[in-house]
>>> print(open('coords-v6.cif').read())   # mmCIF, N, CA and C atoms
data_protein
#
loop_
_atom_site.label_atom_id
_atom_site.label_comp_id
_atom_site.auth_asym_id
_atom_site.auth_seq_id
_atom_site.Cartn_x
_atom_site.Cartn_y
_atom_site.Cartn_z
N MET A 1 -15.90 10.53 -11.73
CA MET A 1 -15.87 10.80 -10.30
C MET A 1 -14.63 10.17 -9.70
N SER A 2 -13.83 10.97 -9.05
CA SER A 2 -12.63 10.48 -8.40
C SER A 2 -12.93 10.22 -6.93
N SER A 3 -12.35 9.18 -6.38
CA SER A 3 -12.51 8.86 -4.97
C SER A 3 -11.16 8.89 -4.29
N SER A 4 -11.19 9.16 -3.00
CA SER A 4 -9.94 9.14 -2.25
C SER A 4 -10.19 8.55 -0.89
N LEU A 5 -9.12 8.05 -0.31
CA LEU A 5 -9.20 7.54 1.04
C LEU A 5 -7.88 7.80 1.74
N VAL A 6 -7.96 7.97 3.04
CA VAL A 6 -6.78 8.15 3.89
C VAL A 6 -6.99 7.29 5.11
N GLU A 7 -6.04 6.42 5.39
CA GLU A 7 -6.10 5.55 6.56
C GLU A 7 -4.74 5.54 7.23
N THR A 8 -4.72 5.42 8.55
CA THR A 8 -3.46 5.33 9.28
C THR A 8 -3.52 4.19 10.27
N VAL A 9 -2.34 3.73 10.67
CA VAL A 9 -2.24 2.71 11.71
C VAL A 9 -0.97 2.96 12.51
N ASP A 10 -1.07 2.82 13.82
CA ASP A 10 0.10 2.90 14.70
C ASP A 10 0.60 1.50 14.94
N ILE A 11 1.91 1.34 14.84
CA ILE A 11 2.52 0.01 14.85
C ILE A 11 3.64 -0.04 15.89
N LYS A 12 3.68 -1.12 16.65
CA LYS A 12 4.76 -1.32 17.63
C LYS A 12 5.96 -1.93 16.91
N ALA A 13 6.53 -1.12 16.06
CA ALA A 13 7.72 -1.49 15.29
C ALA A 13 8.37 -0.18 14.84
N PRO A 14 9.69 -0.13 14.85
CA PRO A 14 10.36 1.10 14.41
C PRO A 14 10.15 1.35 12.91
N VAL A 15 10.34 2.60 12.52
CA VAL A 15 10.18 2.98 11.11
C VAL A 15 11.07 2.12 10.22
N ALA A 16 12.26 1.77 10.67
CA ALA A 16 13.16 0.96 9.85
C ALA A 16 12.50 -0.36 9.44
N VAL A 17 11.74 -0.95 10.34
CA VAL A 17 11.06 -2.23 10.04
C VAL A 17 9.88 -1.99 9.12
N THR A 18 9.03 -1.00 9.43
CA THR A 18 7.86 -0.78 8.58
C THR A 18 8.28 -0.38 7.17
N TRP A 19 9.30 0.47 7.07
CA TRP A 19 9.82 0.87 5.76
C TRP A 19 10.34 -0.35 4.99
N SER A 20 11.15 -1.15 5.66
CA SER A 20 11.76 -2.30 5.01
C SER A 20 10.70 -3.25 4.44
N LEU A 21 9.65 -3.50 5.19
CA LEU A 21 8.60 -4.40 4.72
C LEU A 21 7.82 -3.79 3.55
N TRP A 22 7.42 -2.52 3.68
CA TRP A 22 6.58 -1.92 2.63
C TRP A 22 7.38 -1.65 1.37
N SER A 23 8.66 -1.35 1.50
CA SER A 23 9.45 -1.03 0.30
C SER A 23 9.85 -2.28 -0.49
N ASP A 24 9.54 -3.46 0.03
CA ASP A 24 9.84 -4.72 -0.65
C ASP A 24 8.56 -5.21 -1.34
N VAL A 25 8.46 -5.02 -2.66
CA VAL A 25 7.23 -5.37 -3.39
C VAL A 25 6.84 -6.82 -3.24
N ALA A 26 7.81 -7.69 -3.00
CA ALA A 26 7.50 -9.11 -2.83
C ALA A 26 6.64 -9.34 -1.58
N GLN A 27 6.67 -8.42 -0.64
CA GLN A 27 5.89 -8.55 0.59
C GLN A 27 4.43 -8.13 0.42
N TRP A 28 4.12 -7.31 -0.59
CA TRP A 28 2.78 -6.72 -0.70
C TRP A 28 1.64 -7.73 -0.68
N PRO A 29 1.72 -8.86 -1.40
CA PRO A 29 0.60 -9.80 -1.33
C PRO A 29 0.41 -10.42 0.07
N ARG A 30 1.39 -10.30 0.94
CA ARG A 30 1.24 -10.83 2.31
C ARG A 30 0.30 -9.98 3.15
N PHE A 31 0.18 -8.68 2.84
CA PHE A 31 -0.66 -7.83 3.68
C PHE A 31 -1.71 -7.03 2.91
N LEU A 32 -1.61 -6.98 1.59
CA LEU A 32 -2.64 -6.33 0.78
C LEU A 32 -3.56 -7.41 0.22
N SER A 33 -4.71 -7.59 0.86
CA SER A 33 -5.58 -8.74 0.60
C SER A 33 -6.03 -8.87 -0.85
N HIS A 34 -6.16 -7.78 -1.56
CA HIS A 34 -6.64 -7.81 -2.93
C HIS A 34 -5.51 -7.95 -3.96
N VAL A 35 -4.26 -7.86 -3.51
CA VAL A 35 -3.12 -7.96 -4.42
C VAL A 35 -2.72 -9.43 -4.58
N GLN A 36 -2.84 -9.91 -5.79
CA GLN A 36 -2.45 -11.29 -6.08
C GLN A 36 -0.97 -11.40 -6.42
N ARG A 37 -0.49 -10.43 -7.22
CA ARG A 37 0.91 -10.42 -7.65
C ARG A 37 1.36 -9.00 -7.90
N VAL A 38 2.64 -8.78 -7.67
CA VAL A 38 3.30 -7.54 -8.08
C VAL A 38 4.64 -7.97 -8.68
N ASP A 39 4.80 -7.72 -9.96
CA ASP A 39 6.02 -8.12 -10.64
C ASP A 39 6.80 -6.90 -11.09
N PRO A 40 8.06 -6.78 -10.64
CA PRO A 40 8.88 -5.66 -11.10
C PRO A 40 9.11 -5.73 -12.60
N ILE A 41 8.95 -4.61 -13.28
CA ILE A 41 9.26 -4.50 -14.71
C ILE A 41 10.67 -3.95 -14.85
N ASP A 42 10.95 -2.92 -14.08
CA ASP A 42 12.29 -2.34 -14.00
C ASP A 42 12.41 -1.71 -12.62
N GLU A 43 13.37 -0.84 -12.45
CA GLU A 43 13.64 -0.26 -11.13
C GLU A 43 12.47 0.58 -10.58
N ARG A 44 11.65 1.16 -11.46
CA ARG A 44 10.59 2.07 -11.01
C ARG A 44 9.17 1.62 -11.37
N ARG A 45 9.03 0.61 -12.23
CA ARG A 45 7.69 0.19 -12.67
C ARG A 45 7.38 -1.23 -12.24
N PHE A 46 6.08 -1.44 -11.92
CA PHE A 46 5.61 -2.74 -11.44
C PHE A 46 4.28 -3.09 -12.09
N ALA A 47 4.12 -4.35 -12.44
CA ALA A 47 2.84 -4.84 -12.95
C ALA A 47 2.07 -5.43 -11.77
N TRP A 48 0.86 -4.94 -11.56
CA TRP A 48 0.01 -5.38 -10.46
C TRP A 48 -1.10 -6.27 -11.00
N GLN A 49 -1.46 -7.28 -10.24
CA GLN A 49 -2.62 -8.10 -10.54
C GLN A 49 -3.47 -8.11 -9.27
N LEU A 50 -4.69 -7.57 -9.37
CA LEU A 50 -5.59 -7.46 -8.24
C LEU A 50 -6.80 -8.35 -8.41
N SER A 51 -7.34 -8.81 -7.31
CA SER A 51 -8.61 -9.52 -7.31
C SER A 51 -9.51 -8.80 -6.32
N LEU A 52 -10.48 -8.05 -6.86
CA LEU A 52 -11.41 -7.28 -6.04
C LEU A 52 -12.80 -7.88 -6.18
N PRO A 53 -13.68 -7.63 -5.21
CA PRO A 53 -15.05 -8.13 -5.35
C PRO A 53 -15.67 -7.67 -6.66
N GLY A 54 -16.04 -8.62 -7.50
CA GLY A 54 -16.69 -8.30 -8.76
C GLY A 54 -15.76 -7.93 -9.90
N ALA A 55 -14.44 -7.90 -9.67
CA ALA A 55 -13.55 -7.48 -10.75
C ALA A 55 -12.11 -7.90 -10.48
N ASP A 56 -11.47 -8.41 -11.51
CA ASP A 56 -10.03 -8.62 -11.48
C ASP A 56 -9.41 -7.50 -12.30
N LYS A 57 -8.31 -6.96 -11.84
CA LYS A 57 -7.68 -5.82 -12.52
C LYS A 57 -6.20 -6.08 -12.69
N GLN A 58 -5.67 -5.55 -13.78
CA GLN A 58 -4.23 -5.55 -14.00
C GLN A 58 -3.85 -4.14 -14.43
N PHE A 59 -2.74 -3.66 -13.91
CA PHE A 59 -2.26 -2.35 -14.32
C PHE A 59 -0.77 -2.24 -14.05
N VAL A 60 -0.19 -1.21 -14.62
CA VAL A 60 1.23 -0.92 -14.40
C VAL A 60 1.30 0.39 -13.63
N ALA A 61 2.09 0.39 -12.58
CA ALA A 61 2.31 1.60 -11.78
C ALA A 61 3.79 1.89 -11.73
N GLU A 62 4.10 3.18 -11.61
CA GLU A 62 5.50 3.57 -11.46
C GLU A 62 5.68 4.35 -10.18
N LEU A 63 6.83 4.17 -9.56
CA LEU A 63 7.17 4.94 -8.38
C LEU A 63 7.47 6.37 -8.82
N THR A 64 6.85 7.32 -8.17
CA THR A 64 7.09 8.73 -8.49
C THR A 64 7.96 9.40 -7.44
N GLU A 65 8.04 8.81 -6.27
CA GLU A 65 8.88 9.36 -5.21
C GLU A 65 9.21 8.27 -4.21
N VAL A 66 10.47 8.16 -3.88
CA VAL A 66 10.92 7.22 -2.85
C VAL A 66 11.91 7.96 -1.96
N VAL A 67 11.52 8.17 -0.72
CA VAL A 67 12.39 8.80 0.27
C VAL A 67 12.54 7.78 1.39
N PRO A 68 13.70 7.13 1.50
CA PRO A 68 13.86 6.05 2.48
C PRO A 68 13.41 6.44 3.88
N GLU A 69 12.64 5.53 4.47
CA GLU A 69 12.08 5.65 5.81
C GLU A 69 11.17 6.86 5.98
N ASP A 70 10.65 7.38 4.85
CA ASP A 70 9.76 8.54 4.91
C ASP A 70 8.51 8.36 4.05
N ARG A 71 8.69 8.08 2.74
CA ARG A 71 7.52 8.00 1.86
C ARG A 71 7.80 7.21 0.60
N ILE A 72 6.72 6.61 0.09
CA ILE A 72 6.73 5.93 -1.21
C ILE A 72 5.47 6.40 -1.93
N ALA A 73 5.63 6.99 -3.12
CA ALA A 73 4.49 7.46 -3.89
C ALA A 73 4.51 6.78 -5.26
N TRP A 74 3.32 6.59 -5.83
CA TRP A 74 3.20 5.92 -7.12
C TRP A 74 1.99 6.46 -7.88
N LYS A 75 1.97 6.16 -9.18
CA LYS A 75 0.80 6.43 -10.01
C LYS A 75 0.78 5.37 -11.11
N THR A 76 -0.40 5.12 -11.62
CA THR A 76 -0.50 4.15 -12.71
C THR A 76 -0.10 4.80 -14.02
N THR A 77 0.44 3.97 -14.91
CA THR A 77 0.80 4.42 -16.25
C THR A 77 0.01 3.66 -17.31
N GLU A 78 -0.56 2.52 -16.92
CA GLU A 78 -1.38 1.71 -17.83
C GLU A 78 -2.50 1.09 -17.02
N GLY A 79 -3.68 0.99 -17.64
CA GLY A 79 -4.81 0.36 -16.95
C GLY A 79 -5.61 1.40 -16.18
N VAL A 80 -6.05 1.06 -15.00
CA VAL A 80 -6.91 1.93 -14.19
C VAL A 80 -6.17 3.19 -13.74
N HIS A 81 -6.94 4.25 -13.43
CA HIS A 81 -6.34 5.46 -12.86
C HIS A 81 -6.27 5.27 -11.35
N HIS A 82 -5.06 5.35 -10.82
CA HIS A 82 -4.82 5.09 -9.41
C HIS A 82 -3.52 5.77 -9.03
N ALA A 83 -3.49 6.44 -7.91
CA ALA A 83 -2.26 7.05 -7.41
C ALA A 83 -2.31 7.00 -5.89
N GLY A 84 -1.14 6.96 -5.28
CA GLY A 84 -1.13 6.90 -3.83
C GLY A 84 0.22 7.22 -3.24
N VAL A 85 0.20 7.32 -1.92
CA VAL A 85 1.43 7.56 -1.17
C VAL A 85 1.29 6.88 0.19
N VAL A 86 2.38 6.29 0.63
CA VAL A 86 2.47 5.73 1.98
C VAL A 86 3.57 6.50 2.68
N THR A 87 3.24 7.02 3.87
CA THR A 87 4.24 7.74 4.63
C THR A 87 4.50 7.03 5.95
N PHE A 88 5.73 7.17 6.42
CA PHE A 88 6.20 6.47 7.61
C PHE A 88 6.63 7.52 8.64
N HIS A 89 6.06 7.46 9.82
CA HIS A 89 6.29 8.46 10.85
C HIS A 89 6.84 7.81 12.11
N ARG A 90 7.95 8.32 12.61
CA ARG A 90 8.54 7.81 13.84
C ARG A 90 7.76 8.36 15.03
N LEU A 91 7.22 7.48 15.85
CA LEU A 91 6.55 7.91 17.07
C LEU A 91 7.53 7.90 18.24
N ASP A 92 8.36 6.86 18.29
CA ASP A 92 9.47 6.77 19.23
C ASP A 92 10.40 5.68 18.72
N ASP A 93 11.37 5.26 19.51
CA ASP A 93 12.36 4.28 19.02
C ASP A 93 11.75 2.93 18.64
N THR A 94 10.60 2.60 19.20
CA THR A 94 10.04 1.27 18.98
C THR A 94 8.66 1.27 18.33
N SER A 95 8.18 2.44 17.91
CA SER A 95 6.87 2.47 17.27
C SER A 95 6.81 3.53 16.17
N SER A 96 5.87 3.31 15.27
CA SER A 96 5.73 4.20 14.12
C SER A 96 4.27 4.27 13.69
N ARG A 97 3.99 5.25 12.86
CA ARG A 97 2.67 5.41 12.25
C ARG A 97 2.85 5.30 10.75
N VAL A 98 1.99 4.51 10.13
CA VAL A 98 1.99 4.37 8.68
C VAL A 98 0.67 4.97 8.18
N ALA A 99 0.77 5.88 7.22
CA ALA A 99 -0.41 6.52 6.65
C ALA A 99 -0.48 6.18 5.16
N LEU A 100 -1.66 5.81 4.72
CA LEU A 100 -1.91 5.43 3.33
C LEU A 100 -2.93 6.39 2.75
N GLN A 101 -2.60 6.99 1.61
CA GLN A 101 -3.53 7.86 0.91
C GLN A 101 -3.62 7.38 -0.53
N ILE A 102 -4.84 7.19 -1.01
CA ILE A 102 -5.06 6.68 -2.36
C ILE A 102 -6.12 7.53 -3.06
N GLU A 103 -5.86 7.84 -4.32
CA GLU A 103 -6.82 8.51 -5.21
C GLU A 103 -7.07 7.55 -6.37
N TYR A 104 -8.34 7.34 -6.72
CA TYR A 104 -8.63 6.44 -7.83
C TYR A 104 -9.97 6.81 -8.47
N ASP A 105 -10.15 6.32 -9.68
CA ASP A 105 -11.41 6.49 -10.39
C ASP A 105 -12.16 5.17 -10.35
N PRO A 106 -13.25 5.08 -9.60
CA PRO A 106 -14.02 3.84 -9.56
C PRO A 106 -14.57 3.49 -10.94
N GLN A 107 -14.49 2.23 -11.29
CA GLN A 107 -15.01 1.75 -12.57
C GLN A 107 -16.07 0.70 -12.28
N GLY A 108 -17.22 0.82 -12.87
CA GLY A 108 -18.27 -0.18 -12.72
C GLY A 108 -19.05 -0.03 -11.42
N PHE A 109 -20.13 -0.78 -11.34
CA PHE A 109 -21.07 -0.68 -10.23
C PHE A 109 -20.43 -1.01 -8.88
N ILE A 110 -19.69 -2.11 -8.80
CA ILE A 110 -19.11 -2.56 -7.53
C ILE A 110 -18.14 -1.52 -6.98
N GLU A 111 -17.27 -0.98 -7.81
CA GLU A 111 -16.31 0.01 -7.34
C GLU A 111 -17.00 1.31 -6.92
N HIS A 112 -18.02 1.73 -7.67
CA HIS A 112 -18.77 2.92 -7.27
C HIS A 112 -19.47 2.69 -5.93
N LEU A 113 -20.05 1.51 -5.76
CA LEU A 113 -20.71 1.16 -4.50
C LEU A 113 -19.69 1.15 -3.36
N GLY A 114 -18.52 0.59 -3.61
CA GLY A 114 -17.47 0.57 -2.59
C GLY A 114 -17.05 1.96 -2.16
N ALA A 115 -16.95 2.86 -3.13
CA ALA A 115 -16.58 4.25 -2.81
C ALA A 115 -17.70 4.96 -2.04
N LEU A 116 -18.94 4.74 -2.46
CA LEU A 116 -20.07 5.41 -1.81
C LEU A 116 -20.32 4.91 -0.40
N THR A 117 -20.07 3.63 -0.15
CA THR A 117 -20.37 3.04 1.16
C THR A 117 -19.13 2.95 2.06
N ASN A 118 -18.02 3.48 1.60
CA ASN A 118 -16.74 3.41 2.33
C ASN A 118 -16.20 1.99 2.48
N LEU A 119 -16.67 1.08 1.65
CA LEU A 119 -16.11 -0.27 1.65
C LEU A 119 -14.64 -0.23 1.27
N ASP A 120 -14.26 0.70 0.38
CA ASP A 120 -12.86 0.82 0.00
C ASP A 120 -12.01 1.22 1.20
N SER A 121 -12.51 2.10 2.05
CA SER A 121 -11.79 2.48 3.26
C SER A 121 -11.69 1.32 4.24
N ALA A 122 -12.77 0.54 4.34
CA ALA A 122 -12.76 -0.62 5.23
C ALA A 122 -11.71 -1.63 4.75
N LEU A 123 -11.61 -1.83 3.44
CA LEU A 123 -10.61 -2.75 2.89
C LEU A 123 -9.20 -2.23 3.16
N ALA A 124 -8.98 -0.93 2.96
CA ALA A 124 -7.66 -0.34 3.23
C ALA A 124 -7.32 -0.47 4.71
N ASN A 125 -8.30 -0.24 5.57
CA ASN A 125 -8.08 -0.36 7.01
C ASN A 125 -7.74 -1.81 7.39
N TYR A 126 -8.44 -2.77 6.79
CA TYR A 126 -8.14 -4.19 7.02
C TYR A 126 -6.70 -4.50 6.60
N ASP A 127 -6.32 -4.02 5.42
CA ASP A 127 -4.97 -4.29 4.92
C ASP A 127 -3.91 -3.66 5.82
N LEU A 128 -4.17 -2.46 6.32
CA LEU A 128 -3.22 -1.85 7.25
C LEU A 128 -3.12 -2.66 8.54
N GLY A 129 -4.23 -3.24 8.96
CA GLY A 129 -4.21 -4.12 10.13
C GLY A 129 -3.35 -5.35 9.88
N GLU A 130 -3.44 -5.91 8.69
CA GLU A 130 -2.61 -7.05 8.33
C GLU A 130 -1.13 -6.65 8.29
N PHE A 131 -0.86 -5.45 7.77
CA PHE A 131 0.49 -4.94 7.74
C PHE A 131 1.01 -4.75 9.16
N GLN A 132 0.17 -4.22 10.03
CA GLN A 132 0.54 -4.02 11.43
C GLN A 132 0.96 -5.34 12.07
N LYS A 133 0.17 -6.40 11.87
CA LYS A 133 0.51 -7.72 12.42
C LYS A 133 1.85 -8.19 11.91
N LEU A 134 2.07 -8.08 10.60
CA LEU A 134 3.33 -8.52 9.99
C LEU A 134 4.50 -7.72 10.53
N ALA A 135 4.36 -6.40 10.60
CA ALA A 135 5.45 -5.54 11.07
C ALA A 135 5.78 -5.80 12.54
N GLU A 136 4.75 -5.97 13.37
CA GLU A 136 4.99 -6.20 14.79
C GLU A 136 5.63 -7.57 15.02
N LEU A 137 5.20 -8.56 14.27
CA LEU A 137 5.83 -9.89 14.36
C LEU A 137 7.28 -9.83 13.89
N THR A 138 7.51 -9.12 12.81
CA THR A 138 8.86 -8.97 12.28
C THR A 138 9.76 -8.25 13.28
N ALA A 139 9.27 -7.16 13.87
CA ALA A 139 10.03 -6.40 14.86
C ALA A 139 10.34 -7.26 16.08
N ALA A 140 9.36 -8.02 16.56
CA ALA A 140 9.52 -8.85 17.75
C ALA A 140 10.55 -9.95 17.52
N SER A 141 10.68 -10.39 16.27
CA SER A 141 11.64 -11.46 15.97
C SER A 141 13.00 -10.90 15.54
N GLY A 142 13.17 -9.59 15.66
CA GLY A 142 14.46 -8.97 15.29
C GLY A 142 14.65 -8.94 13.80
N GLY A 143 13.56 -8.83 13.04
CA GLY A 143 13.57 -8.90 11.59
C GLY A 143 14.22 -7.74 10.87
N PRO A 144 13.79 -7.47 9.63
CA PRO A 144 14.47 -6.52 8.74
C PRO A 144 14.78 -5.18 9.38
N ARG A 145 15.90 -4.66 9.01
CA ARG A 145 16.31 -3.31 9.40
C ARG A 145 16.31 -2.46 8.15
N ALA A 146 16.62 -1.23 8.30
CA ALA A 146 16.68 -0.33 7.13
C ALA A 146 17.65 -0.87 6.11
N VAL A 147 17.28 -0.76 4.84
CA VAL A 147 18.12 -1.29 3.77
C VAL A 147 18.94 -0.19 3.17
#
>>> encode(input="coords-v6.cif", output="structure tokens")
Amino acid sequence: MSSSLVETVDIKAPVAVTWSLWSDVAQWPRFLSHVQRVDPIDERRFAWQLSLPGADKQFVAELTEVVPEDRIAWKTTEGVHHAGVVTFHRLDDTSSRVALQIEYDPQGFIEHLGALTNLDSALANYDLGEFQKLAELTAASGGPRAV
């Protein structure tokens, strides 16, 4: 059984800021609550270490598409089946919308329960809220621009 989720958040920060933060893998543990580490293997592959309720997971994912200030897509190549895309939408000069779409195969009781009860969506929504806080703080302090 495959599960999917789609979540969006509107952010008071330009696309250049939201893109810059999300495209920097070192930032991911700051706003993705279940991500403990992301280590670059090479230019396109990353080793992820997750801590989820009832399960710790490790897998390797590769970037399948990177369009600056527009989208980042990935899929796993080792470990769990997981694929996703984050898109960045300009709302105006000072705000943007970030959309997250994930497809995955739940493994074990806890993950199946999370998919059935939408706990996975609640977690994704929480993480997008954390990203929103980080991006808005970064924008307010004149932080990262497009790279």
>>> resolve_selection(input="coords-v6.cif", expression="the PyMOL selection byres ((chain A and resi 78) around 5)", output="PyMOL selection string")
chain A and resi 59-60+76-77+79-80
>>> closest_residue(input="coords-v6.cif", among="A:Trp22, A:Trp74, A:Phe88, A:Phe31", to="Tyr126 of chain A", atoms="only C-alpha atoms")
A:Phe31
>>> closest_residue(input="coords-v6.cif", among="A:Leu50, A:Val9, A:Ala99, A:Val86", to="Val35 of chain A", atoms="only N, CA and C atoms")
A:Leu50
>>> closest_residue(input="coords-v6.cif", among="A:Arg90, A:Arg30, A:Gln58, A:Gln101", to="Ala16 of chain A", atoms="only N, CA and C atoms")
A:Arg90
>>> residues_near_point(input="coords-v6.cif", point="(8.3, 5.6, 1.7)", cutoff="7 Å", atoms="all atoms listed in the file", output="PyMOL selection string")
chain A and resi 19+23+65-73+86-88
>>> closest_residue(input="coords-v6.cif", among="A:Lys12, A:Lys75, A:His89, A:His82", to="Asp105 of chain A", atoms="only N, CA and C atoms")
A:His82
